[in-house]
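Notes for the one structure printed next.
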Amino acid sequence: MLKKDFRCNEVIQDIYYAIETYVEISDKVPERTKRSEGEEYLAKKKHDSAQAYEFYKHNEANIKLISVGLTYETNDLLLESVQACFLINLNFKLLRIINNVKNRLLSLRTEYEEIWKMNKEYESNRSDENLCKLGDKLFTFFVDLKFMTLYWKQLLDYLEYDPTYIK
């Protein structure tokens with residue numbers, strides 16, 4: 001019945017679109033590299049940060065779309081509806097999924113704005129220090145997006161959401 005509710009279905013569609021967009025870019029998300037023997041720590045950090053920055057700049061529109069789609073405040077409507085309908089029966093599997101989503105929401109709702117500001121600061125002065133700070137924040141953000149996508153996908157799977165009709 002939740003999927004038939006107009007507002008819940010609207011939220012589900014937006015979340016699903018964000019998940020699909022994440023899947024499209026997920027195999028290109030950079031990861032920190034291991035430091036080779038003799039490699040200077042700061043040089044490695046700068047290299048990794050530059051890769052994260054380049055990925056972010058190349059995929060900025062998609063990253064914003066994913067971030068908004070997974071964290072938009074109206075998504076709370078779906079979470080609250082699921083809780084009201086299902087948690088009365090003490091469904092611990094669903095409770096775990098909902099708690100995972102809510103836990104990531106707390107940080108993800110503010111992270112994208114912080115990254116945007118850090119990016120603007122870096123672009124205004126191009127300092128290595130700002131690049132490394134931005135890189136650190138981006139790597140954390142990419143991990144948070146990965147897990148948030150997984151948690152929302154688990155919830156949509158639990159609800160047996162089928163996007164075939166929408167597509």
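Chain labels follow the order of the structure tokens: the first chain is A, the next B, and so on; residue numbering restarts at 1 in every chain, and ligands are counted from 1 in their shown order.
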For stretch 57-71 of chain A: contacts at 10 Å, only C-alpha atoms, fewer than 4 positions along chain excluded, given as a compact mmCIF listing (two decimals) with N, CA, C and O atoms, in the first residue's frame:
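This went into part_16.txt:
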```
# COMPACT_ATOMS: atom_id res chain seq x y z
N VAL A 11 8.64 9.74 -3.61
CA VAL A 11 9.91 9.66 -2.89
C VAL A 11 10.70 8.44 -3.36
O VAL A 11 11.90 8.52 -3.63
N ILE A 12 10.02 7.32 -3.46
CA ILE A 12 10.68 6.08 -3.90
C ILE A 12 11.29 6.26 -5.29
O ILE A 12 12.43 5.85 -5.53
N GLN A 13 10.57 6.88 -6.20
CA GLN A 13 11.08 7.10 -7.55
C GLN A 13 12.34 7.96 -7.53
O GLN A 13 13.31 7.66 -8.24
N ASP A 14 12.34 9.02 -6.74
CA ASP A 14 13.50 9.90 -6.65
C ASP A 14 14.71 9.17 -6.06
O ASP A 14 15.84 9.32 -6.53
N ILE A 15 14.46 8.38 -5.03
CA ILE A 15 15.55 7.62 -4.42
C ILE A 15 16.09 6.60 -5.42
O ILE A 15 17.32 6.45 -5.55
N TYR A 16 15.21 5.93 -6.11
CA TYR A 16 15.64 4.93 -7.09
C TYR A 16 16.49 5.57 -8.19
O TYR A 16 17.51 5.03 -8.60
N TYR A 17 16.10 6.74 -8.65
CA TYR A 17 16.86 7.44 -9.68
C TYR A 17 18.26 7.81 -9.16
O TYR A 17 19.25 7.67 -9.88
N ALA A 18 18.34 8.24 -7.91
CA ALA A 18 19.64 8.55 -7.31
C ALA A 18 20.50 7.28 -7.22
O ALA A 18 21.71 7.33 -7.49
N ILE A 19 19.89 6.16 -6.86
CA ILE A 19 20.62 4.89 -6.80
C ILE A 19 21.15 4.52 -8.18
O ILE A 19 22.32 4.15 -8.33
N GLU A 20 20.31 4.62 -9.19
CA GLU A 20 20.75 4.31 -10.56
C GLU A 20 21.90 5.20 -11.00
O GLU A 20 22.85 4.74 -11.63
N THR A 21 21.82 6.47 -10.67
CA THR A 21 22.88 7.41 -11.03
C THR A 21 24.17 7.05 -10.32
O THR A 21 25.26 7.09 -10.92
N TYR A 22 24.07 6.67 -9.04
CA TYR A 22 25.28 6.25 -8.31
C TYR A 22 25.90 5.02 -8.97
O TYR A 22 27.13 4.95 -9.14
N GLU A 24 25.87 4.14 -11.99
CA GLU A 24 26.52 4.52 -13.24
C GLU A 24 27.95 5.03 -13.03
O GLU A 24 28.80 4.82 -13.89
N ILE A 25 28.21 5.70 -11.91
CA ILE A 25 29.54 6.26 -11.69
C ILE A 25 30.37 5.50 -10.65
O ILE A 25 31.55 5.78 -10.48
N LYS A 28 33.95 4.19 -11.06
CA LYS A 28 34.99 5.19 -11.32
C LYS A 28 35.37 5.98 -10.07
O LYS A 28 36.27 6.81 -10.13
N VAL A 29 34.70 5.74 -8.96
CA VAL A 29 35.00 6.48 -7.73
C VAL A 29 36.43 6.13 -7.30
O VAL A 29 36.77 4.96 -7.12
N GLN A 51 43.20 13.19 -7.48
CA GLN A 51 42.33 12.24 -8.17
C GLN A 51 40.88 12.40 -7.71
O GLN A 51 39.96 12.36 -8.52
N ALA A 52 40.68 12.54 -6.41
CA ALA A 52 39.33 12.72 -5.87
C ALA A 52 38.72 14.02 -6.40
O ALA A 52 37.55 14.06 -6.78
N TYR A 53 39.51 15.07 -6.43
CA TYR A 53 39.05 16.37 -6.92
C TYR A 53 38.65 16.27 -8.40
O TYR A 53 37.58 16.76 -8.79
N ASN A 75 12.31 12.67 1.97
CA ASN A 75 12.54 11.23 2.13
C ASN A 75 12.11 10.76 3.51
O ASN A 75 11.79 9.59 3.70
N ASP A 76 12.09 11.69 4.47
CA ASP A 76 11.64 11.35 5.81
C ASP A 76 10.20 10.84 5.80
O ASP A 76 9.81 10.02 6.62
N VAL A 101 19.82 3.99 7.45
CA VAL A 101 19.52 5.16 6.62
C VAL A 101 19.54 6.42 7.48
O VAL A 101 20.19 7.42 7.12
N LYS A 102 18.85 6.39 8.60
CA LYS A 102 18.77 7.58 9.45
C LYS A 102 20.15 8.00 9.96
O LYS A 102 20.44 9.20 10.05
N ARG A 104 23.11 7.61 8.48
CA ARG A 104 23.87 8.27 7.40
C ARG A 104 23.27 9.61 7.03
O ARG A 104 23.99 10.51 6.60
N LEU A 105 21.96 9.75 7.18
CA LEU A 105 21.32 11.02 6.83
C LEU A 105 21.89 12.18 7.63
O LEU A 105 22.06 13.28 7.10
N LEU A 106 22.20 11.92 8.89
CA LEU A 106 22.68 12.99 9.75
C LEU A 106 23.91 13.68 9.17
O LEU A 106 24.01 14.90 9.17
N SER A 107 24.86 12.91 8.67
CA SER A 107 26.07 13.52 8.14
C SER A 107 25.93 13.91 6.67
O SER A 107 26.41 14.97 6.26
N LEU A 108 25.27 13.09 5.87
CA LEU A 108 25.19 13.37 4.44
C LEU A 108 24.40 14.64 4.12
O LEU A 108 24.64 15.28 3.10
N ARG A 109 23.46 15.00 4.96
CA ARG A 109 22.66 16.19 4.68
C ARG A 109 23.50 17.47 4.72
O ARG A 109 23.14 18.46 4.11
N THR A 110 24.61 17.45 5.41
CA THR A 110 25.45 18.65 5.47
C THR A 110 26.76 18.51 4.69
O THR A 110 27.37 19.51 4.36
N GLU A 111 27.17 17.28 4.39
CA GLU A 111 28.47 17.07 3.76
C GLU A 111 28.60 17.69 2.38
O GLU A 111 29.64 18.25 2.06
N TYR A 112 27.58 17.59 1.55
CA TYR A 112 27.72 18.11 0.19
C TYR A 112 27.95 19.62 0.21
O TYR A 112 28.80 20.12 -0.54
N GLU A 113 27.25 20.33 1.05
CA GLU A 113 27.43 21.78 1.15
C GLU A 113 28.85 22.11 1.62
O GLU A 113 29.47 23.05 1.11
N TRP A 116 31.17 21.59 -1.32
CA TRP A 116 31.01 22.68 -2.28
C TRP A 116 31.81 23.90 -1.84
O TRP A 116 32.53 24.52 -2.62
N ASN A 119 35.54 23.24 -2.10
CA ASN A 119 35.93 23.27 -3.50
C ASN A 119 36.12 24.72 -3.97
O ASN A 119 37.10 25.03 -4.65
N PHE A 141 33.11 11.34 1.98
CA PHE A 141 31.81 11.54 1.34
C PHE A 141 31.48 10.41 0.37
O PHE A 141 30.35 9.90 0.34
N PHE A 142 32.46 9.98 -0.43
CA PHE A 142 32.24 8.89 -1.38
C PHE A 142 31.85 7.60 -0.65
O PHE A 142 30.97 6.86 -1.11
N ASP A 144 30.38 7.46 2.33
CA ASP A 144 29.03 7.69 2.86
C ASP A 144 27.97 7.52 1.77
O ASP A 144 26.91 6.92 2.01
N LEU A 145 28.24 8.03 0.57
CA LEU A 145 27.29 7.86 -0.54
C LEU A 145 27.12 6.39 -0.90
O LEU A 145 26.02 5.93 -1.17
N MET A 148 24.99 4.80 1.85
CA MET A 148 23.61 5.29 1.81
C MET A 148 22.87 4.69 0.63
O MET A 148 21.70 4.31 0.76
N THR A 149 23.54 4.58 -0.51
CA THR A 149 22.92 3.95 -1.67
C THR A 149 22.56 2.51 -1.35
O THR A 149 21.45 2.05 -1.66
N TYR A 151 21.92 1.18 1.61
CA TYR A 151 20.82 1.11 2.58
C TYR A 151 19.48 1.43 1.94
O TYR A 151 18.49 0.75 2.21
N TRP A 152 19.44 2.46 1.09
CA TRP A 152 18.17 2.76 0.42
C TRP A 152 17.77 1.61 -0.50
O TRP A 152 16.59 1.27 -0.60
```
Nearest to A:Arg32 among A:Asp5, A:Glu121, A:Asp48, A:Asp157, with distances taken over only C-alpha atoms: which residue is it?
A:Asp48
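Between A:His47 and the candidates A:Ile115, A:Leu2, A:Cys132, A:Leu95, the tightest atom-to-atom separation, counting only C-alpha atoms, involves A:Cys132.
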Selected residue, from A:Leu159, A:Val143, A:Leu150, A:Leu131, that lies nearest to A:Ser49 when counting only C-alpha atoms:
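With only C-alpha atoms as the atom set, the closest residue is A:Leu131.
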